[in-house]
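Colleague: Quick one, start-v1.pdb (PDB, C-alpha atoms):
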MODEL        1
ATOM      1  CA  MET A   1     -12.928  31.431   7.352
ATOM      2  CA  ASN A   2     -16.486  32.580   6.858
ATOM      3  CA  GLU A   3     -19.322  30.208   7.663
ATOM      4  CA  TYR A   4     -21.293  29.053   4.613
ATOM      5  CA  LEU A   5     -24.930  30.051   5.017
ATOM      6  CA  ILE A   6     -28.023  28.665   3.355
ATOM      7  CA  ALA A   7     -30.894  31.148   3.273
ATOM      8  CA  ILE A   8     -34.358  29.692   2.730
ATOM      9  CA  LEU A   9     -36.476  32.523   1.362
ATOM     10  CA  ASN A  10     -40.158  32.868   0.607
ATOM     11  CA  PRO A  11     -40.319  35.266  -2.382
ATOM     12  CA  VAL A  12     -44.000  36.105  -1.804
ATOM     13  CA  SER A  13     -43.932  36.428   1.966
ATOM     14  CA  GLY A  14     -46.380  38.703   3.771
ATOM     15  CA  SER A  15     -45.527  42.390   3.502
ATOM     16  CA  ALA A  16     -41.832  41.879   2.708
ATOM     17  CA  GLY A  17     -42.090  43.482  -0.733
ATOM     18  CA  GLU A  18     -40.836  42.473  -4.148
ATOM     19  CA  ASP A  19     -37.275  43.496  -3.265
ATOM     20  CA  PHE A  20     -37.048  41.189  -0.221
ATOM     21  CA  ARG A  21     -34.498  38.853  -1.821
ATOM     22  CA  GLU A  22     -32.475  41.807  -3.072
ATOM     23  CA  ARG A  23     -32.362  43.311   0.438
ATOM     24  CA  VAL A  24     -31.262  39.997   1.963
ATOM     25  CA  GLU A  25     -28.533  39.530  -0.644
ATOM     26  CA  LYS A  26     -27.291  43.098  -0.250
ATOM     27  CA  ALA A  27     -27.095  42.812   3.539
ATOM     28  CA  LEU A  28     -25.231  39.483   3.366
ATOM     29  CA  SER A  29     -22.842  40.586   0.620
ATOM     30  CA  LYS A  30     -21.800  43.849   2.251
ATOM     31  CA  ARG A  31     -20.736  41.867   5.324
ATOM     32  CA  GLY A  32     -18.658  39.446   3.265
ATOM     33  CA  ALA A  33     -20.859  36.411   3.958
ATOM     34  CA  GLU A  34     -20.617  33.258   1.875
ATOM     35  CA  TYR A  35     -24.166  32.177   1.187
ATOM     36  CA  GLU A  36     -26.663  30.468  -1.067
ATOM     37  CA  ILE A  37     -30.325  31.416  -1.372
ATOM     38  CA  ARG A  38     -32.923  28.733  -1.977
ATOM     39  CA  GLU A  39     -36.438  29.959  -2.672
ATOM     40  CA  THR A  40     -39.594  28.169  -1.629
ATOM     41  CA  THR A  41     -42.278  27.387  -4.193
ATOM     42  CA  PRO A  42     -45.915  26.280  -3.891
ATOM     43  CA  ASP A  43     -44.683  22.699  -4.324
ATOM     44  CA  VAL A  44     -41.429  22.829  -2.327
ATOM     45  CA  GLY A  45     -41.759  24.523   1.050
ATOM     46  CA  GLY A  46     -39.326  25.515   3.760
ATOM     47  CA  ALA A  47     -39.525  22.140   5.517
ATOM     48  CA  VAL A  48     -38.291  20.269   2.453
ATOM     49  CA  LEU A  49     -35.499  22.755   1.785
ATOM     50  CA  ALA A  50     -34.374  22.783   5.441
ATOM     51  CA  ALA A  51     -34.258  18.996   5.730
ATOM     52  CA  GLN A  52     -32.333  18.800   2.466
ATOM     53  CA  ALA A  53     -29.841  21.433   3.613
ATOM     54  CA  VAL A  54     -29.163  19.577   6.866
ATOM     55  CA  ARG A  55     -28.645  16.307   5.003
ATOM     56  CA  GLU A  56     -26.053  18.140   2.907
ATOM     57  CA  GLY A  57     -24.231  19.149   6.082
ATOM     58  CA  ALA A  58     -25.475  22.715   6.618
ATOM     59  CA  THR A  59     -24.935  24.068  10.116
ATOM     60  CA  HIS A  60     -26.529  27.538   9.808
ATOM     61  CA  LEU A  61     -29.845  28.251   8.108
ATOM     62  CA  LEU A  62     -31.512  31.629   7.606
ATOM     63  CA  ALA A  63     -35.320  31.466   7.487
ATOM     64  CA  CYS A  64     -36.333  34.501   5.431
ATOM     65  CA  GLY A  65     -40.050  35.210   5.500
ATOM     66  CA  GLY A  66     -43.069  35.307   7.772
ATOM     67  CA  ASP A  67     -44.075  33.018  10.606
ATOM     68  CA  GLY A  68     -45.334  30.362   8.202
ATOM     69  CA  THR A  69     -41.968  30.197   6.456
ATOM     70  CA  VAL A  70     -40.019  30.226   9.717
ATOM     71  CA  MET A  71     -42.040  27.409  11.257
ATOM     72  CA  SER A  72     -41.872  25.395   8.063
ATOM     73  CA  VAL A  73     -38.071  25.589   8.314
ATOM     74  CA  VAL A  74     -38.231  24.647  12.017
ATOM     75  CA  ASN A  75     -40.344  21.615  11.163
ATOM     76  CA  GLY A  76     -37.860  20.656   8.468
ATOM     77  CA  LEU A  77     -35.060  20.800  11.031
ATOM     78  CA  GLY A  78     -37.095  18.597  13.348
ATOM     79  CA  LYS A  79     -37.768  16.013  10.675
ATOM     80  CA  SER A  80     -34.100  15.935   9.687
ATOM     81  CA  ASP A  81     -33.384  14.988  13.315
ATOM     82  CA  GLU A  82     -35.775  12.028  13.507
ATOM     83  CA  GLY A  83     -34.034   9.032  14.976
ATOM     84  CA  SER A  84     -31.300  11.155  16.602
ATOM     85  CA  LYS A  85     -32.376  11.401  20.214
ATOM     86  CA  SER A  86     -29.112  11.994  22.051
ATOM     87  CA  GLU A  87     -27.482  15.372  22.551
ATOM     88  CA  GLU A  88     -24.341  14.107  20.821
ATOM     89  CA  ALA A  89     -26.147  12.588  17.848
ATOM     90  CA  ARG A  90     -28.402  15.422  16.734
ATOM     91  CA  PRO A  91     -27.079  17.913  14.178
ATOM     92  CA  ARG A  92     -25.867  21.200  15.618
ATOM     93  CA  VAL A  93     -27.772  23.540  13.327
ATOM     94  CA  THR A  94     -28.262  27.214  14.136
ATOM     95  CA  LEU A  95     -31.402  28.967  12.904
ATOM     96  CA  SER A  96     -31.438  32.689  12.185
ATOM     97  CA  ILE A  97     -34.623  34.554  11.303
ATOM     98  CA  ILE A  98     -34.857  37.329   8.723
ATOM     99  CA  PRO A  99     -38.421  38.621   9.213
ATOM    100  CA  GLY A 100     -40.509  39.152   6.099
ATOM    101  CA  GLY A 101     -44.089  38.607   7.192
ATOM    102  CA  THR A 102     -46.981  40.586   8.589
ATOM    103  CA  ALA A 103     -46.879  39.604  12.260
ATOM    104  CA  ASN A 104     -43.347  38.116  12.643
ATOM    105  CA  LEU A 105     -44.358  36.692  16.015
ATOM    106  CA  LEU A 106     -41.387  34.402  16.663
ATOM    107  CA  ALA A 107     -38.859  37.029  15.589
ATOM    108  CA  THR A 108     -40.522  39.542  17.903
ATOM    109  CA  ALA A 109     -40.561  37.067  20.802
ATOM    110  CA  LEU A 110     -36.811  36.533  20.331
ATOM    111  CA  LYS A 111     -36.120  40.307  20.090
ATOM    112  CA  ILE A 112     -34.853  39.950  16.520
ATOM    113  CA  PRO A 113     -35.125  43.292  14.687
ATOM    114  CA  ILE A 114     -37.587  43.526  11.803
ATOM    115  CA  PRO A 115     -35.481  45.604   9.326
ATOM    116  CA  THR A 116     -33.693  43.203   6.989
ATOM    117  CA  ASP A 117     -30.242  44.749   7.343
ATOM    118  CA  GLU A 118     -30.391  44.621  11.149
ATOM    119  CA  ALA A 119     -31.721  41.048  11.182
ATOM    120  CA  VAL A 120     -28.876  39.913   8.906
ATOM    121  CA  ALA A 121     -26.399  41.605  11.255
ATOM    122  CA  VAL A 122     -27.823  39.506  14.109
ATOM    123  CA  ALA A 123     -27.573  36.361  11.977
ATOM    124  CA  LEU A 124     -23.868  36.975  11.380
ATOM    125  CA  ALA A 125     -22.801  38.288  14.793
ATOM    126  CA  GLY A 126     -25.430  37.314  17.356
ATOM    127  CA  ASP A 127     -25.407  34.835  20.225
ATOM    128  CA  ASP A 128     -26.750  31.288  20.087
ATOM    129  CA  TYR A 129     -29.335  29.965  22.550
ATOM    130  CA  GLU A 130     -31.199  26.692  22.768
ATOM    131  CA  ILE A 131     -34.954  26.953  23.230
ATOM    132  CA  ASP A 132     -37.720  24.437  23.792
ATOM    133  CA  LEU A 133     -40.115  23.406  21.076
ATOM    134  CA  GLY A 134     -43.529  21.847  21.400
ATOM    135  CA  ARG A 135     -44.811  18.925  19.379
ATOM    136  CA  CYS A 136     -48.430  18.219  18.475
ATOM    137  CA  GLY A 137     -48.928  15.305  16.120
ATOM    138  CA  GLU A 138     -46.688  15.887  13.108
ATOM    139  CA  HIS A 139     -46.262  19.598  13.870
ATOM    140  CA  LEU A 140     -43.552  21.361  15.885
ATOM    141  CA  PHE A 141     -44.273  24.755  17.435
ATOM    142  CA  ALA A 142     -42.158  27.485  19.004
ATOM    143  CA  LEU A 143     -44.845  29.895  20.237
ATOM    144  CA  GLY A 144     -47.902  27.799  20.903
ATOM    145  CA  LEU A 145     -51.171  26.426  19.630
ATOM    146  CA  GLY A 146     -54.742  27.539  20.100
ATOM    147  CA  LEU A 147     -58.243  26.119  19.958
ATOM    148  CA  GLY A 148     -61.656  27.742  19.978
ATOM    149  CA  LEU A 149     -61.466  31.530  19.965
ATOM    150  CA  THR A 150     -57.741  31.664  19.217
ATOM    151  CA  GLU A 151     -58.170  29.447  16.145
ATOM    152  CA  ARG A 152     -61.036  31.613  14.880
ATOM    153  CA  LEU A 153     -59.009  34.799  15.337
ATOM    154  CA  VAL A 154     -56.378  33.344  13.015
ATOM    155  CA  SER A 155     -58.773  31.856  10.471
ATOM    156  CA  GLN A 156     -61.004  34.963  10.284
ATOM    157  CA  ALA A 157     -58.142  37.414   9.802
ATOM    158  CA  SER A 158     -57.822  37.116   6.027
ATOM    159  CA  ALA A 159     -54.542  37.450   4.167
ATOM    160  CA  GLU A 160     -55.851  40.639   2.556
ATOM    161  CA  GLN A 161     -56.761  42.154   5.938
ATOM    162  CA  LYS A 162     -53.382  41.227   7.421
ATOM    163  CA  GLU A 163     -51.634  42.761   4.410
ATOM    164  CA  LYS A 164     -53.533  46.049   4.763
ATOM    165  CA  LEU A 165     -53.989  46.293   8.530
ATOM    166  CA  GLY A 166     -51.177  44.188  10.016
ATOM    167  CA  LYS A 167     -51.850  43.121  13.612
ATOM    168  CA  ALA A 168     -55.004  45.253  13.670
ATOM    169  CA  ALA A 169     -56.651  42.530  11.571
ATOM    170  CA  TYR A 170     -56.492  40.238  14.605
ATOM    171  CA  ALA A 171     -57.992  42.944  16.834
ATOM    172  CA  ILE A 172     -60.941  43.321  14.463
ATOM    173  CA  ALA A 173     -61.466  39.570  14.451
ATOM    174  CA  MET A 174     -61.300  39.617  18.269
ATOM    175  CA  LEU A 175     -64.076  42.195  18.556
ATOM    176  CA  ARG A 176     -66.311  40.003  16.402
ATOM    177  CA  GLU A 177     -65.930  37.202  18.939
ATOM    178  CA  LEU A 178     -67.076  39.100  22.039
ATOM    179  CA  GLY A 179     -69.665  37.031  23.889
ATOM    180  CA  ALA A 180     -68.579  33.770  22.231
ATOM    181  CA  ARG A 181     -70.106  30.657  23.765
ATOM    182  CA  PRO A 182     -67.677  28.457  25.738
ATOM    183  CA  HIS A 183     -66.655  24.918  24.820
ATOM    184  CA  ARG A 184     -66.652  21.969  27.175
ATOM    185  CA  PHE A 185     -63.551  19.782  27.015
ATOM    186  CA  THR A 186     -61.357  17.390  28.980
ATOM    187  CA  PHE A 187     -57.654  17.975  29.626
ATOM    188  CA  LYS A 188     -54.953  15.813  31.194
ATOM    189  CA  LEU A 189     -51.623  17.090  32.528
ATOM    190  CA  ASP A 190     -48.737  14.596  32.533
ATOM    191  CA  ASP A 191     -49.796  11.578  34.623
ATOM    192  CA  GLU A 192     -52.535  13.361  36.557
ATOM    193  CA  GLN A 193     -56.223  12.471  36.394
ATOM    194  CA  PRO A 194     -58.236  14.080  33.551
ATOM    195  CA  GLN A 195     -60.086  17.305  34.389
ATOM    196  CA  ILE A 196     -63.166  18.929  32.901
ATOM    197  CA  GLY A 197     -62.699  22.421  31.489
ATOM    198  CA  VAL A 198     -65.016  25.058  30.088
ATOM    199  CA  GLY A 199     -63.707  27.953  28.016
ATOM    200  CA  VAL A 200     -63.969  30.014  24.873
ATOM    201  CA  ALA A 201     -60.246  29.703  24.137
ATOM    202  CA  ILE A 202     -57.586  27.132  24.962
ATOM    203  CA  VAL A 203     -53.909  27.978  24.455
ATOM    204  CA  ILE A 204     -50.871  25.758  24.918
ATOM    205  CA  ALA A 205     -47.988  28.244  25.087
ATOM    206  CA  ASN A 206     -44.217  27.931  24.886
ATOM    207  CA  VAL A 207     -43.671  31.681  25.285
ATOM    208  CA  GLY A 208     -45.437  34.355  27.285
ATOM    209  CA  ALA A 209     -44.980  37.548  25.256
ATOM    210  CA  ILE A 210     -45.635  37.432  21.502
ATOM    211  CA  GLY A 211     -45.211  41.052  20.532
ATOM    212  CA  GLY A 212     -46.650  44.439  21.325
ATOM    213  CA  GLY A 213     -45.843  43.999  25.005
ATOM    214  CA  PHE A 214     -48.698  41.527  25.517
ATOM    215  CA  SER A 215     -48.123  38.605  27.872
ATOM    216  CA  PHE A 216     -50.956  36.096  28.098
ATOM    217  CA  ALA A 217     -48.969  33.264  29.702
ATOM    218  CA  PRO A 218     -47.064  35.101  32.433
ATOM    219  CA  ASP A 219     -45.013  32.113  33.589
ATOM    220  CA  ALA A 220     -44.128  30.750  30.141
ATOM    221  CA  LYS A 221     -40.441  30.631  29.221
ATOM    222  CA  MET A 222     -38.885  29.237  26.073
ATOM    223  CA  ASP A 223     -36.296  27.166  27.920
ATOM    224  CA  ASP A 224     -38.033  25.927  31.084
ATOM    225  CA  GLY A 225     -38.798  22.373  29.942
ATOM    226  CA  VAL A 226     -42.591  22.719  30.242
ATOM    227  CA  ILE A 227     -45.496  24.059  28.217
ATOM    228  CA  ASP A 228     -48.220  26.293  29.662
ATOM    229  CA  LEU A 229     -51.938  25.566  29.336
ATOM    230  CA  CYS A 230     -54.065  28.736  29.440
ATOM    231  CA  ILE A 231     -57.862  28.537  29.528
ATOM    232  CA  LEU A 232     -59.956  31.644  28.828
ATOM    233  CA  ARG A 233     -63.283  30.738  30.411
ATOM    234  CA  ARG A 234     -65.326  33.661  29.056
ATOM    235  CA  PHE A 235     -64.940  36.603  26.699
ATOM    236  CA  TYR A 236     -67.106  39.650  27.390
ATOM    237  CA  MET A 237     -66.368  43.355  27.024
ATOM    238  CA  ARG A 238     -65.990  43.768  30.785
ATOM    239  CA  ASP A 239     -63.284  41.078  30.788
ATOM    240  CA  LEU A 240     -61.513  42.302  27.656
ATOM    241  CA  PHE A 241     -60.254  45.662  28.925
ATOM    242  CA  GLY A 242     -59.064  44.264  32.243
ATOM    243  CA  MET A 243     -57.254  41.411  30.515
ATOM    244  CA  MET A 244     -55.608  43.704  27.954
ATOM    245  CA  TRP A 245     -54.375  46.075  30.674
ATOM    246  CA  SER A 246     -52.998  43.192  32.725
ATOM    247  CA  ALA A 247     -51.441  41.604  29.638
ATOM    248  CA  ILE A 248     -49.691  44.834  28.674
ATOM    249  CA  ARG A 249     -48.247  44.992  32.192
ATOM    250  CA  GLY A 250     -47.222  41.324  31.934
ATOM    251  CA  GLN A 251     -49.237  40.523  35.068
ATOM    252  CA  LEU A 252     -52.286  38.646  33.791
ATOM    253  CA  PRO A 253     -53.729  37.101  37.006
ATOM    254  CA  GLU A 254     -55.610  33.849  37.386
ATOM    255  CA  ASP A 255     -59.253  34.627  38.171
ATOM    256  CA  ARG A 256     -62.770  33.597  37.199
ATOM    257  CA  ALA A 257     -62.054  34.408  33.546
ATOM    258  CA  VAL A 258     -58.674  32.725  33.049
ATOM    259  CA  ALA A 259     -56.738  29.752  34.462
ATOM    260  CA  PHE A 260     -53.135  28.563  34.005
ATOM    261  CA  TYR A 261     -51.388  25.184  34.269
ATOM    262  CA  GLN A 262     -47.911  23.841  33.443
ATOM    263  CA  ALA A 263     -46.927  20.356  32.293
ATOM    264  CA  ARG A 264     -44.529  18.455  30.069
ATOM    265  CA  ARG A 265     -47.421  16.765  28.269
ATOM    266  CA  VAL A 266     -51.017  17.904  27.727
ATOM    267  CA  GLU A 267     -53.908  15.869  26.310
ATOM    268  CA  ILE A 268     -57.139  17.565  25.203
ATOM    269  CA  THR A 269     -60.373  15.978  24.013
ATOM    270  CA  SER A 270     -63.656  17.641  23.114
ATOM    271  CA  ASP A 271     -67.042  16.862  21.619
ATOM    272  CA  PRO A 272     -67.527  18.253  19.043
ATOM    273  CA  PRO A 273     -63.902  18.410  17.843
ATOM    274  CA  LEU A 274     -62.203  21.824  17.890
ATOM    275  CA  ASP A 275     -60.109  23.216  15.025
ATOM    276  CA  LEU A 276     -56.505  24.127  15.707
ATOM    277  CA  GLN A 277     -53.957  26.821  14.867
ATOM    278  CA  ILE A 278     -50.247  26.364  15.481
ATOM    279  CA  ASP A 279     -47.885  29.346  15.660
ATOM    280  CA  GLY A 280     -50.414  31.546  13.894
ATOM    281  CA  GLU A 281     -51.193  29.116  11.063
ATOM    282  CA  VAL A 282     -54.417  27.106  10.716
ATOM    283  CA  VAL A 283     -53.615  23.396  10.311
ATOM    284  CA  GLU A 284     -55.673  20.426   9.224
ATOM    285  CA  GLN A 285     -55.930  18.881  12.669
ATOM    286  CA  THR A 286     -58.596  18.830  15.369
ATOM    287  CA  THR A 287     -59.016  17.466  18.868
ATOM    288  CA  PRO A 288     -58.293  15.009  20.348
ATOM    289  CA  LEU A 289     -54.677  16.090  20.561
ATOM    290  CA  VAL A 290     -51.515  15.496  22.543
ATOM    291  CA  ALA A 291     -48.925  18.263  22.937
ATOM    292  CA  GLU A 292     -45.547  17.743  24.592
ATOM    293  CA  VAL A 293     -42.409  19.770  25.173
ATOM    294  CA  LEU A 294     -39.077  18.999  23.487
ATOM    295  CA  PRO A 295     -36.491  20.598  25.800
ATOM    296  CA  ARG A 296     -33.734  22.675  24.172
ATOM    297  CA  ALA A 297     -34.658  21.291  20.745
ATOM    298  CA  LEU A 298     -33.798  24.357  18.646
ATOM    299  CA  ARG A 299     -30.700  26.544  18.513
ATOM    300  CA  VAL A 300     -31.556  30.117  17.528
ATOM    301  CA  ARG A 301     -29.452  33.219  17.051
ATOM    302  CA  VAL A 302     -30.483  36.357  18.938
ATOM    303  CA  PRO A 303     -28.947  39.847  19.311
ATOM    304  CA  ALA A 304     -25.569  39.719  21.028
ATOM    305  CA  ASP A 305     -26.094  43.014  22.848
ATOM    306  CA  LEU A 306     -29.574  42.221  24.161
ATOM    307  CA  PRO A 307     -29.892  43.491  27.753
ATOM    308  CA  ALA A 308     -30.149  40.686  30.287
ATOM    309  CA  GLU A 309     -33.488  41.904  31.614
ATOM    310  CA  GLU A 310     -35.029  41.796  28.116
ATOM    311  CA  LEU A 311     -33.592  38.374  27.353
ATOM    312  CA  ALA A 312     -35.033  37.077  30.620
ATOM    313  CA  GLU A 313     -38.505  37.760  29.281
ATOM    314  CA  VAL A 314     -38.229  34.699  27.055
ATOM    315  CA  LEU A 315     -34.979  32.927  27.991
ATOM    316  CA  GLU A 316     -33.511  31.981  31.339
ATOM    317  CA  ALA A 317     -30.319  30.250  30.243
ATOM    318  CA  PRO A 318     -27.022  32.143  30.663
ATOM    319  CA  LYS A 319     -24.891  32.980  27.652
ATOM    320  CA  ALA A 320     -22.752  30.169  26.301
TER     321      ALA A 320
ENDMDL
END
Translate the structure described by the file into structure tokens.

Modeller:
Amino acid sequence: MNEYLIAILNPVSGSAGEDFRERVEKALSKRGAEYEIRETTPDVGGAVLAAQAVREGATHLLACGGDGTVMSVVNGLGKSDEGSKSEEARPRVTLSIIPGGTANLLATALKIPIPTDEAVAVALAGDDYEIDLGRCGEHLFALGLGLGLTERLVSQASAEQKEKLGKAAYAIAMLRELGARPHRFTFKLDDEQPQIGVGVAIVIANVGAIGGGFSFAPDAKMDDGVIDLCILRRFYMRDLFGMMWSAIRGQLPEDRAVAFYQARRVEITSDPPLDLQIDGEVVEQTTPLVAEVLPRALRVRVPADLPAEELAEVLEAPKA
């Protein structure tokens, strides 16, 4: 018997096009899937629809849209699980991603294909893995959060620029920030003593590679039970090219320009407060903040035929 799917779809998502829903329906129907599509609206987002679906007993959700839609659904799954702390008690919900945005960062990190038909094929015949999530205040994150330069790169890349230029919009915003002045802040890892940091960008990462072959947190894995703190101490032209070359090779070293730490819980304070972006979306939150890892908190579906060496880039767990 076919599994009943609930697809949560953003009809105005990124660069998906006006026929996005039609493409999703066609791909599901031709494979004989039983499904229902629920569209987000300005008043009812993916979080509300996901939490409602889980309360109704859904066990497989398809998040159809860009990173904002996907993470809204993830947050809805998290809120539906509040009060269920044990492995046995929490709902066993699988999340599939049908990319429909401009960047599609989480889909790319999980090696999910961008074409709608191929992504639906993964949703119906892929393998399930459990990955860590991070939590910062009321927000859950799968990729990471950023302060300082990383927040400005997101906030300055307008929706119009992202629509026209795609990921190049972020590169243009990056060039504008060359020579940015560093921030002074305090960070605390788990139960260690607080430390003073200075940097133009602060990233708390759950994954190392986020598309395009770039790896800015070389030790980050999505199932290792920790989050990675990355501090970019300076941002000049002479640093940029070396960092980009190292990032492309996945071998970004710790040096005078960048530092890395790992912890289960990270506290950051700063004066003045720093704005924050989470998984590529600017949120209404500033420092001080506390971020912590939620081990194996999300079950996601990835390609079944993904080579082991590619899967190891983001996941370390063996197949179920």

Colleague: Can you tell me how far CA of Gly144 (chain A) sits from CA of Pro218 (chain A), in Å to one decimal?

Modeller: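 Atom-to-atom, CA of Gly144 (chain A) and CA of Pro218 (chain A) are spaced 13.7 Å apart.
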
Colleague: So, with only C-alpha atoms as the atoms that count, which of A:Leu133, A:Leu5, A:Leu274, A:Leu95 lies closest to Ala205 (chain A)?

Modeller: A:Leu133

Colleague: Ranking A:Gly208, A:Pro42, A:Gly100, A:Gly57 by minimum distance to Arg23 (chain A) and counting all atoms listed in the file, which one comes first?

Modeller: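 Nearest to Arg23 (chain A): A:Gly100.
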
Colleague: If we count only C-alpha atoms, what is near region 60-63 of chain A at a cut-off of 10 Å, once residues fewer than 5 positions away on the same chain are taken out, given as a count of residues only?

Modeller: 37

Colleague: Report as an MDAnalysis selection string the residues that result from applying the PyMOL selection byres ((chain A and resi 121) around 12) to the structure here.

Modeller: chainID A and resid 24 26:33 62 96:98 112:120 122:127 301:305

Colleague: Measure the distance from CA of Asp279 (chain A) to CA of Val203 (chain A) in Å and round it to one decimal.

Modeller: 10.7 Å

Colleague: I would like the residues chosen by the PyMOL selection byres ((chain A and resi 104) around 9) on the shown file; could you give them as a list of chain:residue names?

Modeller: A:Gly65, A:Gly66, A:Asp67, A:Pro99, A:Gly100, A:Gly101, A:Thr102, A:Ala103, A:Leu105, A:Leu106, A:Ala107, A:Thr108, A:Ala109, A:Ile114, A:Gly211

Colleague: Excluding Ile268 (chain A) and any residue of its chain fewer than 2 positions from it, enumerate the residues within 6 Å of it, using all atoms listed in the file, and give them as JSON, numbers by chain.

Modeller: {"A": [186, 187, 288, 289]}

Colleague: Interatomic distance between CA of Phe141 (chain A) and CA of Glu25 (chain A)?

Modeller: 28.2 Å

Colleague: Under the rule that only C-alpha atoms are counted, which of A:Ile204, A:Leu232, A:Val226, A:Leu147 is the nearest residue to Ala259 (chain A)?

Modeller: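 For Ala259 (chain A), the nearest of the candidates is A:Leu232.
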
Colleague: Between A:Glu292, A:Gly148, A:Gln262, A:Val48, single out the one closest to Asp275 (chain A), counting only C-alpha atoms.

Modeller: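 Nearest to Asp275 (chain A): A:Gly148.
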